[in-house]
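Source file: structure.cif (mmCIF, C-alpha atoms)
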data_final
loop_
_atom_site.group_PDB
_atom_site.id
_atom_site.type_symbol
_atom_site.label_atom_id
_atom_site.label_comp_id
_atom_site.auth_asym_id
_atom_site.auth_seq_id
_atom_site.Cartn_x
_atom_site.Cartn_y
_atom_site.Cartn_z
ATOM 1 C CA MET K 20 0.000 0.000 0.000
ATOM 2 C CA LEU K 21 2.823 2.402 0.744
ATOM 3 C CA LEU K 22 4.315 1.895 -2.721
ATOM 4 C CA GLN K 23 0.923 2.289 -4.393
ATOM 5 C CA ASP K 24 0.101 5.431 -2.418
ATOM 6 C CA THR K 25 3.526 6.919 -3.086
ATOM 7 C CA ALA K 26 3.242 6.184 -6.811
ATOM 8 C CA LEU K 27 -0.199 7.820 -6.865
ATOM 9 C CA ILE K 28 0.983 11.007 -5.154
ATOM 10 C CA TYR K 29 4.208 11.052 -7.177
ATOM 11 C CA GLY K 30 2.313 10.740 -10.467
ATOM 12 C CA ARG K 31 -0.097 13.511 -9.531
ATOM 13 C CA TYR K 32 2.613 16.047 -8.753
ATOM 14 C CA LEU K 33 4.882 14.979 -11.596
ATOM 15 C CA ARG K 34 2.062 15.624 -14.060
ATOM 16 C CA GLN K 35 1.673 19.078 -12.552
ATOM 17 C CA SER K 36 5.384 19.757 -13.113
ATOM 18 C CA LEU K 37 5.301 18.474 -16.684
ATOM 19 C CA ARG K 38 2.415 20.796 -17.495
ATOM 20 C CA SER K 39 4.613 23.743 -16.471
ATOM 21 C CA ARG K 40 7.607 23.277 -18.781
ATOM 22 C CA PHE K 41 8.611 26.920 -18.427
ATOM 23 C CA ALA K 42 9.029 26.579 -14.663
ATOM 24 C CA LEU K 43 10.863 23.290 -15.194
ATOM 25 C CA LEU K 44 13.513 24.954 -17.358
ATOM 26 C CA PHE K 45 13.536 28.266 -15.488
ATOM 27 C CA GLY K 46 14.699 26.531 -12.310
ATOM 28 C CA VAL K 47 18.098 25.801 -13.849
ATOM 29 C CA LEU K 48 18.593 29.408 -14.998
ATOM 30 C CA MET K 49 20.495 30.722 -11.963
ATOM 31 C CA PRO K 50 23.139 27.943 -11.856
ATOM 32 C CA LEU K 51 23.445 28.266 -15.631
ATOM 33 C CA LEU K 52 24.161 31.988 -15.306
ATOM 34 C CA TYR K 53 26.863 31.223 -12.727
ATOM 35 C CA LEU K 54 28.282 28.703 -15.162
ATOM 36 C CA LEU K 55 28.322 31.137 -18.078
ATOM 37 C CA PHE K 56 29.488 34.306 -16.330
ATOM 38 C CA PHE K 57 31.409 33.095 -13.267
ATOM 39 C CA GLY K 58 33.018 29.935 -14.626
ATOM 40 C CA PRO K 59 35.318 31.643 -17.178
ATOM 41 C CA LEU K 60 36.701 33.890 -14.425
ATOM 42 C CA LEU K 61 38.097 30.824 -12.630
ATOM 43 C CA THR K 62 39.856 29.321 -15.647
ATOM 44 C CA ASP K 63 43.536 28.571 -14.911
ATOM 45 C CA LEU K 64 43.303 30.014 -11.385
ATOM 46 C CA PRO K 65 44.923 27.983 -8.569
ATOM 47 C CA LEU K 66 41.878 26.855 -6.592
ATOM 48 C CA GLY K 67 43.665 24.636 -4.136
ATOM 49 C CA GLY K 68 42.219 21.378 -5.383
ATOM 50 C CA ARG K 69 42.741 18.685 -7.950
ATOM 51 C CA GLY K 70 41.307 18.951 -11.425
ATOM 52 C CA SER K 71 40.288 21.930 -13.505
ATOM 53 C CA SER K 72 38.284 24.934 -12.378
ATOM 54 C CA TRP K 73 35.201 23.359 -13.983
ATOM 55 C CA GLN K 74 35.624 20.274 -11.787
ATOM 56 C CA VAL K 75 35.517 22.600 -8.790
ATOM 57 C CA LEU K 76 32.679 24.859 -9.893
ATOM 58 C CA VAL K 77 30.192 22.436 -11.482
ATOM 59 C CA PRO K 78 29.770 20.153 -8.417
ATOM 60 C CA GLY K 79 29.027 23.236 -6.340
ATOM 61 C CA LEU K 80 26.449 24.468 -8.849
ATOM 62 C CA LEU K 81 24.761 21.057 -8.905
ATOM 63 C CA LEU K 82 24.308 21.093 -5.144
ATOM 64 C CA GLN K 83 23.302 24.753 -5.217
ATOM 65 C CA LEU K 84 20.485 23.707 -7.529
ATOM 66 C CA GLY K 85 19.259 21.189 -4.965
ATOM 67 C CA LEU K 86 19.855 23.504 -2.003
ATOM 68 C CA PHE K 87 17.776 26.455 -3.138
ATOM 69 C CA GLY K 88 15.214 24.582 -5.206
ATOM 70 C CA ALA K 89 14.337 22.006 -2.555
ATOM 71 C CA SER K 90 14.463 24.455 0.348
ATOM 72 C CA PHE K 91 11.662 26.533 -1.186
ATOM 73 C CA ALA K 92 9.552 23.545 -2.229
ATOM 74 C CA GLY K 93 7.273 24.110 0.744
ATOM 75 C CA PHE K 94 5.673 27.139 -0.899
ATOM 76 C CA SER K 95 3.406 24.735 -2.798
ATOM 77 C CA ILE K 96 2.128 23.265 0.479
ATOM 78 C CA ILE K 97 1.177 26.739 1.734
ATOM 79 C CA ILE K 98 -0.848 27.310 -1.431
ATOM 80 C CA GLU K 99 -2.525 23.901 -1.122
ATOM 81 C CA LYS K 100 -3.352 24.564 2.526
ATOM 82 C CA GLY K 101 -5.119 27.747 1.509
ATOM 83 C CA HIS K 102 -7.285 25.837 -0.970
ATOM 84 C CA GLY K 103 -8.026 22.925 1.375
ATOM 85 C CA VAL K 104 -6.105 20.362 -0.702
ATOM 86 C CA VAL K 105 -3.899 19.211 2.159
ATOM 87 C CA GLU K 106 -6.863 18.843 4.506
ATOM 88 C CA ARG K 107 -8.732 16.661 2.008
ATOM 89 C CA MET K 108 -5.666 14.460 1.515
ATOM 90 C CA ARG K 109 -5.086 14.041 5.235
ATOM 91 C CA VAL K 110 -8.601 12.685 5.874
ATOM 92 C CA THR K 111 -8.090 9.902 3.315
ATOM 93 C CA PRO K 112 -6.538 6.519 4.288
ATOM 94 C CA VAL K 113 -3.420 7.360 2.244
ATOM 95 C CA SER K 114 -0.201 6.779 4.183
ATOM 96 C CA ARG K 115 1.231 9.966 5.690
ATOM 97 C CA LEU K 116 4.677 8.808 4.585
ATOM 98 C CA ALA K 117 3.360 8.484 1.028
ATOM 99 C CA LEU K 118 1.981 12.039 1.151
ATOM 100 C CA LEU K 119 5.515 13.200 1.807
ATOM 101 C CA LEU K 120 7.466 10.727 -0.342
ATOM 102 C CA GLY K 121 5.344 11.348 -3.417
ATOM 103 C CA ARG K 122 6.138 15.050 -3.245
ATOM 104 C CA VAL K 123 9.857 14.777 -2.490
ATOM 105 C CA LEU K 124 10.449 12.092 -5.112
ATOM 106 C CA ARG K 125 8.803 14.388 -7.675
ATOM 107 C CA ASP K 126 11.163 17.162 -6.552
ATOM 108 C CA ALA K 127 14.154 14.836 -6.835
ATOM 109 C CA THR K 128 13.124 13.860 -10.364
ATOM 110 C CA VAL K 129 12.792 17.490 -11.430
ATOM 111 C CA PHE K 130 16.102 18.620 -9.949
ATOM 112 C CA VAL K 131 18.061 15.661 -11.293
ATOM 113 C CA PHE K 132 16.652 16.491 -14.740
ATOM 114 C CA GLN K 133 17.785 20.089 -14.297
ATOM 115 C CA ALA K 134 21.187 18.846 -13.092
ATOM 116 C CA VAL K 135 21.556 16.833 -16.314
ATOM 117 C CA LEU K 136 20.891 19.985 -18.350
ATOM 118 C CA LEU K 137 23.480 21.877 -16.303
ATOM 119 C CA VAL K 138 26.144 19.204 -16.792
ATOM 120 C CA LEU K 139 25.477 19.095 -20.540
ATOM 121 C CA ALA K 140 25.989 22.855 -20.721
ATOM 122 C CA ALA K 141 29.171 22.542 -18.657
ATOM 123 C CA LEU K 142 30.511 19.872 -21.024
ATOM 124 C CA LEU K 143 30.094 22.311 -23.897
ATOM 125 C CA MET K 144 32.080 24.908 -21.947
ATOM 126 C CA GLY K 145 35.006 22.616 -21.176
ATOM 127 C CA LEU K 146 34.110 20.353 -18.260
ATOM 128 C CA ARG K 147 35.812 16.974 -18.380
ATOM 129 C CA ALA K 148 34.762 14.461 -15.736
ATOM 130 C CA PRO K 149 34.449 10.646 -15.587
ATOM 131 C CA LEU K 150 30.956 9.270 -16.178
ATOM 132 C CA PRO K 151 30.818 7.440 -12.796
ATOM 133 C CA GLY K 152 31.697 10.712 -11.063
ATOM 134 C CA VAL K 153 28.956 12.569 -12.906
ATOM 135 C CA LEU K 154 26.404 9.886 -11.974
ATOM 136 C CA ILE K 155 27.505 10.022 -8.339
ATOM 137 C CA GLY K 156 26.894 13.760 -8.448
ATOM 138 C CA PHE K 157 23.321 13.158 -9.584
ATOM 139 C CA VAL K 158 22.777 10.752 -6.679
ATOM 140 C CA PHE K 159 23.944 13.394 -4.213
ATOM 141 C CA VAL K 160 21.616 15.946 -5.810
ATOM 142 C CA ALA K 161 18.715 13.515 -5.389
ATOM 143 C CA LEU K 162 19.527 12.799 -1.727
ATOM 144 C CA LEU K 163 19.967 16.480 -0.946
ATOM 145 C CA THR K 164 16.663 17.272 -2.635
ATOM 146 C CA VAL K 165 14.775 14.582 -0.719
ATOM 147 C CA SER K 166 16.177 15.731 2.618
ATOM 148 C CA LEU K 167 15.749 19.486 2.170
ATOM 149 C CA ALA K 168 12.346 19.180 0.506
ATOM 150 C CA SER K 169 11.142 17.030 3.421
ATOM 151 C CA LEU K 170 12.191 19.710 5.903
ATOM 152 C CA SER K 171 10.760 22.436 3.691
ATOM 153 C CA TYR K 172 7.358 20.746 3.575
ATOM 154 C CA ALA K 173 7.486 20.178 7.323
ATOM 155 C CA LEU K 174 8.176 23.872 7.926
ATOM 156 C CA ALA K 175 5.425 24.883 5.509
ATOM 157 C CA MET K 176 2.940 22.750 7.448
ATOM 158 C CA LYS K 177 3.805 24.676 10.590
ATOM 159 C CA VAL K 178 3.680 28.264 9.301
ATOM 160 C CA ARG K 179 0.580 30.120 8.173
ATOM 161 C CA THR K 180 1.742 32.496 5.450
ATOM 162 C CA PRO K 181 4.463 32.755 2.780
ATOM 163 C CA GLN K 182 5.725 35.837 4.615
ATOM 164 C CA GLU K 183 6.699 33.599 7.520
ATOM 165 C CA PHE K 184 8.091 30.833 5.354
ATOM 166 C CA GLY K 185 10.416 32.810 3.061
ATOM 167 C CA PRO K 186 12.584 34.571 5.679
ATOM 168 C CA ALA K 187 12.917 31.367 7.703
ATOM 169 C CA VAL K 188 14.215 29.458 4.679
ATOM 170 C CA ASN K 189 16.600 32.252 3.711
ATOM 171 C CA ALA K 190 17.985 32.323 7.243
ATOM 172 C CA MET K 191 18.889 28.631 6.929
ATOM 173 C CA THR K 192 20.052 28.390 3.322
ATOM 174 C CA MET K 193 22.334 31.416 3.105
ATOM 175 C CA PRO K 194 24.746 30.287 5.874
ATOM 176 C CA MET K 195 24.773 26.796 4.344
ATOM 177 C CA MET K 196 25.727 28.221 0.958
ATOM 178 C CA LEU K 197 28.399 30.569 2.296
ATOM 179 C CA LEU K 198 30.029 28.049 4.646
ATOM 180 C CA SER K 199 29.879 24.942 2.458
ATOM 181 C CA GLY K 200 32.316 26.101 -0.217
ATOM 182 C CA LEU K 201 29.805 25.853 -3.029
ATOM 183 C CA MET K 202 31.496 28.357 -5.288
ATOM 184 C CA LEU K 203 35.098 27.959 -4.129
ATOM 185 C CA PRO K 204 36.841 25.484 -1.790
ATOM 186 C CA MET K 205 36.825 26.617 1.825
ATOM 187 C CA THR K 206 40.532 25.772 2.036
ATOM 188 C CA LEU K 207 41.176 29.014 0.137
ATOM 189 C CA GLY K 208 39.875 31.015 3.103
ATOM 190 C CA PRO K 209 41.385 31.711 6.516
ATOM 191 C CA ALA K 210 41.898 28.789 8.874
ATOM 192 C CA TRP K 211 39.109 29.835 11.242
ATOM 193 C CA LEU K 212 36.569 29.985 8.417
ATOM 194 C CA ASP K 213 37.660 26.590 7.090
ATOM 195 C CA ALA K 214 37.311 25.113 10.577
ATOM 196 C CA LEU K 215 33.850 26.660 11.038
ATOM 197 C CA SER K 216 32.665 25.192 7.746
ATOM 198 C CA HIS K 217 33.191 21.666 9.077
ATOM 199 C CA PHE K 218 30.145 22.192 11.303
ATOM 200 C CA VAL K 219 27.980 22.596 8.186
ATOM 201 C CA PRO K 220 26.924 19.121 6.969
ATOM 202 C CA PHE K 221 26.451 20.438 3.462
ATOM 203 C CA ARG K 222 30.215 20.896 3.071
ATOM 204 C CA TYR K 223 30.827 17.136 3.186
ATOM 205 C CA LEU K 224 28.526 16.633 0.207
ATOM 206 C CA VAL K 225 30.340 19.315 -1.780
ATOM 207 C CA ASP K 226 33.758 17.781 -1.057
ATOM 208 C CA ALA K 227 32.501 14.298 -1.977
ATOM 209 C CA VAL K 228 31.099 15.365 -5.345
ATOM 210 C CA ARG K 229 34.289 17.252 -6.179
ATOM 211 C CA ASP K 230 36.291 14.120 -5.474
ATOM 212 C CA ALA K 231 33.936 12.152 -7.723
ATOM 213 C CA TYR K 232 34.425 14.646 -10.554
ATOM 214 C CA VAL K 233 38.175 14.011 -10.556
ATOM 215 C CA GLY K 234 37.726 10.247 -10.408
ATOM 216 C CA SER K 235 38.566 9.739 -6.723
ATOM 217 C CA TYR K 236 35.962 7.458 -5.189
ATOM 218 C CA ALA K 237 37.690 5.703 -2.261
ATOM 219 C CA THR K 238 38.468 8.812 -0.234
ATOM 220 C CA ALA K 239 37.633 10.119 3.218
ATOM 221 C CA HIS K 240 35.620 12.932 1.632
ATOM 222 C CA MET K 241 33.501 10.405 -0.226
ATOM 223 C CA LEU K 242 32.924 8.313 2.896
ATOM 224 C CA TYR K 243 31.919 11.307 5.008
ATOM 225 C CA GLY K 244 29.747 12.662 2.208
ATOM 226 C CA VAL K 245 27.821 9.412 1.837
ATOM 227 C CA LEU K 246 27.333 9.005 5.583
ATOM 228 C CA VAL K 247 26.153 12.591 6.047
ATOM 229 C CA ALA K 248 23.835 12.457 3.009
ATOM 230 C CA VAL K 249 22.179 9.182 4.047
ATOM 231 C CA ALA K 250 21.838 10.153 7.715
ATOM 232 C CA PHE K 251 20.497 13.618 6.890
ATOM 233 C CA THR K 252 17.976 12.163 4.435
ATOM 234 C CA ALA K 253 16.719 9.582 6.937
ATOM 235 C CA LEU K 254 16.375 12.223 9.656
ATOM 236 C CA ALA K 255 14.619 14.707 7.382
ATOM 237 C CA VAL K 256 12.101 12.159 6.060
ATOM 238 C CA THR K 257 11.363 11.046 9.628
ATOM 239 C CA VAL K 258 10.740 14.628 10.743
ATOM 240 C CA GLY K 259 8.640 15.394 7.684
ATOM 241 C CA THR K 260 6.473 12.301 8.140
ATOM 242 C CA ARG K 261 5.857 13.101 11.789
ATOM 243 C CA VAL K 262 4.794 16.632 10.949
ATOM 244 C CA PHE K 263 2.421 15.399 8.247
ATOM 245 C CA ARG K 264 0.816 13.128 10.838
ATOM 246 C CA THR K 265 0.339 15.765 13.523
ATOM 247 C CA ALA K 266 0.304 19.281 12.066
ATOM 248 C CA ALA K 267 -2.986 20.987 11.413
ATOM 249 C CA ALA K 268 -3.620 21.894 7.799
#
Represent the structure from my file as structure tokens, please.
Amino acid sequence: MLLQDTALIYGRYLRQSLRSRFALLFGVLMPLLYLLFFGPLLTDLPLGGRGSSWQVLVPGLLLQLGLFGASFAGFSIIIEKGHGVVERMRVTPVSRLALLLGRVLRDATVFVFQAVLLVLAALLMGLRAPLPGVLIGFVFVALLTVSLASLSYALAMKVRTPQEFGPAVNAMTMPMMLLSGLMLPMTLGPAWLDALSHFVPFRYLVDAVRDAYVGSYATAHMLYGVLVAVAFTALAVTVGTRVFRTAAA
């Protein structure tokens, strides 16, 4: 029943996304602009890591796509609450876990598709990375999307208006972006800033994907990245499911 319910919810929201092709492509615009206008500035600069500047920048842009896109996914729940959609779903016998999983799996599908478009554009601009590394990057994007979208939906179930939701999400995502080394490795900064960034779980995902893009898979960065991604996803889905069971619509 859980699989059937999840497939039902997933199909419903995926069809909604496919009907809005403009929004589907527009979501990749900001990382693409970074790629086009910021990427050439880093060419041939010593960035303190292995590989080319594209192998440093593109992994960060992939995870930036998941970070900002998934973190604001909860806006749709606020709209549905206002129209009574969530309330009608919650009085059905559909599994509360399925109500969450269907949504976050749709988000993961959309953002992985956008990540593919971003990588294809990066390949045209000079990115060279092994295929297994690129695929690993997509897996990390999917896990990050599932975890952050779960928390985003949970927060949206708790707040009443978009005016409450937006500032709260910004307050959480901006420090994660600045301290994770998305754009540039944190090792380029002062020692205290590099040390502080280790308290941001998102950094371990960035380091892992950058290792994957240079073909290094059996590294400490990869191990820590996998452990953090899996643990964070499990925790976020658990929190999101609990909120869906208890929060008032």
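Selection check: the PyMOL selection byres ((chain K and resi 23) around 12) on the shown file gives Met20, Leu21, Leu22, Asp24, Thr25, Ala26, Leu27, Ile28, Tyr29, Gly30, Val113, Ser114, Leu116, Ala117, Leu118, Leu120 and Gly121 of chain K.
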* To do: Just the residues within 12 Å of region 236-243 of chain K, please, counting only C-alpha atoms, with nothing from its chain fewer than 6 positions along; format it as a ChimeraX atom specification.
  => /K:149,151-156,159,217,220-230,249-251
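Considering the residues K:Val245, K:Ala148, K:Leu201, K:Val160 and counting all atoms listed in the file, Tyr53 (chain K) has its shortest atom-to-atom contact with K:Leu201.
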* Which residue gives the smallest distance to Pro78 (chain K) among K:Ile96, K:Leu203, K:Ala173, K:Leu48, with only C-alpha atoms counted? ->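 Among the listed residues, K:Leu203 lies closest to Pro78 (chain K).
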Could you state which residues are captured by the PyMOL selection byres ((chain K and resi 178) around 12) in this file, as a short mmCIF file (atom, residue, chain, number, x, y, z; two decimals) with C-alpha atoms, keeping the file's coordinate frame?
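Writing the result to selection18.cif gives the following:
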data_model
loop_
_atom_site.label_atom_id
_atom_site.label_comp_id
_atom_site.auth_asym_id
_atom_site.auth_seq_id
_atom_site.Cartn_x
_atom_site.Cartn_y
_atom_site.Cartn_z
CA GLY K 93 7.27 24.11 0.74
CA PHE K 94 5.67 27.14 -0.90
CA ILE K 96 2.13 23.26 0.48
CA ILE K 97 1.18 26.74 1.73
CA ILE K 98 -0.85 27.31 -1.43
CA LYS K 100 -3.35 24.56 2.53
CA GLY K 101 -5.12 27.75 1.51
CA SER K 171 10.76 22.44 3.69
CA TYR K 172 7.36 20.75 3.58
CA ALA K 173 7.49 20.18 7.32
CA LEU K 174 8.18 23.87 7.93
CA ALA K 175 5.42 24.88 5.51
CA MET K 176 2.94 22.75 7.45
CA LYS K 177 3.80 24.68 10.59
CA ARG K 179 0.58 30.12 8.17
CA THR K 180 1.74 32.50 5.45
CA PRO K 181 4.46 32.76 2.78
CA GLN K 182 5.72 35.84 4.62
CA GLU K 183 6.70 33.60 7.52
CA PHE K 184 8.09 30.83 5.35
CA GLY K 185 10.42 32.81 3.06
CA PRO K 186 12.58 34.57 5.68
CA ALA K 187 12.92 31.37 7.70
CA VAL K 188 14.22 29.46 4.68
CA VAL K 262 4.79 16.63 10.95
CA ALA K 266 0.30 19.28 12.07
CA ALA K 267 -2.99 20.99 11.41
CA ALA K 268 -3.62 21.89 7.80
#
* Name the closest residue to Phe45 (chain K) among the candidates K:Val104, K:Val158, K:Leu60, K:Val129; distances are taken between atoms, counting only C-alpha atoms. =>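 Answer, going by the shortest atom-to-atom distance: K:Val129.
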* Just how far from CA of Leu137 (chain K) is CA of Gln35 (chain K), in Å to one decimal? ->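 According to the coordinates, CA of Gln35 (chain K) and CA of Leu137 (chain K) are separated by 22.3 Å.
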* For Leu142 (chain K), the nearest of the candidates K:Pro194, K:Ser169, K:Val77, K:Ala92, counting all atoms listed in the file -> K:Val77
* To do: For CA of Phe263 (chain K) and CA of Val247 (chain K), determine how far apart the two atoms are, in Å to one decimal place.
  => 24.0 Å
Considering all atoms listed in the file, return as a CSV table (one decimal) with C-alpha atoms, in the coordinates of the input whatever protein or nucleic-acid residues lie within 9 Å of Met202 (chain K), sequence-local ones (same chain, fewer than 6 positions apart) excluded.
chain,number,residue,atom,x,y,z
K,75,VAL,CA,35.5,22.6,-8.8
K,76,LEU,CA,32.7,24.9,-9.9
K,77,VAL,CA,30.2,22.4,-11.5
K,78,PRO,CA,29.8,20.2,-8.4
K,79,GLY,CA,29.0,23.2,-6.3
K,80,LEU,CA,26.4,24.5,-8.8
K,83,GLN,CA,23.3,24.8,-5.2
K,196,MET,CA,25.7,28.2,1.0
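Among the candidates K:Leu162, K:Leu86, K:Leu254, K:Leu81, the one nearest to Asn189 (chain K) when counting only C-alpha atoms is K:Leu86.
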* To do: Excluding Ala127 (chain K) and any residue of its chain fewer than 3 positions from it, enumerate the residues within 10 Å of it, using all atoms listed in the file, and give them as a PyMOL selection string.
  => chain K and resi 85+88-89+122-124+130-133+157-158+160-166+168
Those residues you just picked out, can you put them in a file as a short mmCIF file (atom, residue, chain, number, x, y, z; two decimals), in the frame of the given file with C-alpha atoms?
data_model
loop_
_atom_site.label_atom_id
_atom_site.label_comp_id
_atom_site.auth_asym_id
_atom_site.auth_seq_id
_atom_site.Cartn_x
_atom_site.Cartn_y
_atom_site.Cartn_z
CA GLY K 85 19.26 21.19 -4.96
CA GLY K 88 15.21 24.58 -5.21
CA ALA K 89 14.34 22.01 -2.56
CA ARG K 122 6.14 15.05 -3.24
CA VAL K 123 9.86 14.78 -2.49
CA LEU K 124 10.45 12.09 -5.11
CA PHE K 130 16.10 18.62 -9.95
CA VAL K 131 18.06 15.66 -11.29
CA PHE K 132 16.65 16.49 -14.74
CA GLN K 133 17.78 20.09 -14.30
CA PHE K 157 23.32 13.16 -9.58
CA VAL K 158 22.78 10.75 -6.68
CA VAL K 160 21.62 15.95 -5.81
CA ALA K 161 18.72 13.52 -5.39
CA LEU K 162 19.53 12.80 -1.73
CA LEU K 163 19.97 16.48 -0.95
CA THR K 164 16.66 17.27 -2.64
CA VAL K 165 14.78 14.58 -0.72
CA SER K 166 16.18 15.73 2.62
CA ALA K 168 12.35 19.18 0.51
#
* Looking at only C-alpha atoms, which of K:Leu136, K:Met49, K:Leu197, K:Leu167 is the one that sits closest to Leu212 (chain K)? ->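 Distance minimum relative to Leu212 (chain K) lands on K:Leu197.
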* **Expansion of the PyMOL selection byres ((chain K and resi 144-146) around 9) into residues, as a VMD selection string** => chain K and resid 54 to 55 58 to 59 71 to 74 77 138 to 143 147 to 148
* Quick one: pull the distance between CA of Leu33 (chain K) and CA of Arg125 (chain K), Å, one decimal. =>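 Interatomic distance here is 5.6 Å.
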Please enclose the listed atoms of region 157-175 of chain K in an axis-aligned box, pad each side by 4 Å, and write out the centre and the three edge lengths in Å, rounded to one decimal, as lines of an AutoDock Vina configuration file.
center_x = 14.7
center_y = 17.8
center_z = -0.8
size_x = 26.5
size_y = 22.1
size_z = 25.5
Could you rebuild region 33-40 of chain K with all heavy atoms and give me the result as an mmCIF file, keeping the file's coordinate frame?
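The resulting result.cif:
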data_model
loop_
_atom_site.group_PDB
_atom_site.id
_atom_site.type_symbol
_atom_site.label_atom_id
_atom_site.label_comp_id
_atom_site.auth_asym_id
_atom_site.auth_seq_id
_atom_site.Cartn_x
_atom_site.Cartn_y
_atom_site.Cartn_z
ATOM 1 N N LEU K 33 4.014 14.960 -10.422
ATOM 2 C CA LEU K 33 4.882 14.979 -11.596
ATOM 3 C C LEU K 33 4.119 15.499 -12.811
ATOM 4 O O LEU K 33 4.669 16.260 -13.619
ATOM 5 C CB LEU K 33 5.445 13.584 -11.869
ATOM 6 C CG LEU K 33 6.459 13.497 -13.010
ATOM 7 C CD1 LEU K 33 7.677 14.365 -12.719
ATOM 8 C CD2 LEU K 33 6.884 12.055 -13.241
ATOM 9 N N ARG K 34 2.868 15.109 -12.951
ATOM 10 C CA ARG K 34 2.062 15.624 -14.060
ATOM 11 C C ARG K 34 1.887 17.138 -13.958
ATOM 12 O O ARG K 34 1.892 17.844 -14.975
ATOM 13 C CB ARG K 34 0.699 14.924 -14.096
ATOM 14 C CG ARG K 34 0.761 13.474 -14.588
ATOM 15 C CD ARG K 34 -0.634 12.930 -14.861
ATOM 16 N NE ARG K 34 -1.409 12.824 -13.628
ATOM 17 C CZ ARG K 34 -1.416 11.762 -12.842
ATOM 18 N NH1 ARG K 34 -0.671 10.711 -13.145
ATOM 19 N NH2 ARG K 34 -2.161 11.728 -11.752
ATOM 20 N N GLN K 35 1.747 17.634 -12.733
ATOM 21 C CA GLN K 35 1.673 19.078 -12.552
ATOM 22 C C GLN K 35 2.949 19.756 -13.045
ATOM 23 O O GLN K 35 2.911 20.793 -13.716
ATOM 24 C CB GLN K 35 1.442 19.423 -11.082
ATOM 25 C CG GLN K 35 0.037 19.156 -10.582
ATOM 26 C CD GLN K 35 -0.152 19.596 -9.155
ATOM 27 O OE1 GLN K 35 0.787 20.060 -8.499
ATOM 28 N NE2 GLN K 35 -1.366 19.452 -8.646
ATOM 29 N N SER K 36 4.101 19.169 -12.701
ATOM 30 C CA SER K 36 5.384 19.757 -13.113
ATOM 31 C C SER K 36 5.549 19.708 -14.624
ATOM 32 O O SER K 36 6.041 20.665 -15.235
ATOM 33 C CB SER K 36 6.543 19.013 -12.434
ATOM 34 O OG SER K 36 6.493 19.152 -11.033
ATOM 35 N N LEU K 37 5.143 18.612 -15.242
ATOM 36 C CA LEU K 37 5.301 18.474 -16.684
ATOM 37 C C LEU K 37 4.398 19.440 -17.448
ATOM 38 O O LEU K 37 4.716 19.822 -18.577
ATOM 39 C CB LEU K 37 5.003 17.033 -17.114
ATOM 40 C CG LEU K 37 6.005 15.982 -16.625
ATOM 41 C CD1 LEU K 37 5.557 14.585 -17.051
ATOM 42 C CD2 LEU K 37 7.403 16.276 -17.144
ATOM 43 N N ARG K 38 3.290 19.828 -16.836
ATOM 44 C CA ARG K 38 2.415 20.796 -17.495
ATOM 45 C C ARG K 38 2.984 22.205 -17.447
ATOM 46 O O ARG K 38 2.521 23.090 -18.166
ATOM 47 C CB ARG K 38 1.022 20.777 -16.850
ATOM 48 C CG ARG K 38 0.183 19.567 -17.238
ATOM 49 C CD ARG K 38 -1.282 19.792 -16.891
ATOM 50 N NE ARG K 38 -1.488 19.871 -15.458
ATOM 51 C CZ ARG K 38 -1.821 18.837 -14.692
ATOM 52 N NH1 ARG K 38 -1.966 17.637 -15.246
ATOM 53 N NH2 ARG K 38 -2.014 18.986 -13.408
ATOM 54 N N SER K 39 3.984 22.427 -16.590
ATOM 55 C CA SER K 39 4.613 23.743 -16.471
ATOM 56 C C SER K 39 6.066 23.639 -16.927
ATOM 57 O O SER K 39 6.995 23.706 -16.125
ATOM 58 C CB SER K 39 4.531 24.240 -15.018
ATOM 59 O OG SER K 39 5.123 25.509 -14.895
ATOM 60 N N ARG K 40 6.261 23.469 -18.233
ATOM 61 C CA ARG K 40 7.607 23.277 -18.781
ATOM 62 C C ARG K 40 8.467 24.519 -18.585
ATOM 63 O O ARG K 40 9.677 24.417 -18.405
ATOM 64 C CB ARG K 40 7.523 22.910 -20.258
ATOM 65 C CG ARG K 40 6.859 21.563 -20.526
ATOM 66 C CD ARG K 40 6.929 21.202 -21.992
ATOM 67 N NE ARG K 40 6.298 19.910 -22.255
ATOM 68 C CZ ARG K 40 5.031 19.757 -22.583
ATOM 69 N NH1 ARG K 40 4.262 20.833 -22.681
ATOM 70 N NH2 ARG K 40 4.526 18.564 -22.807
#
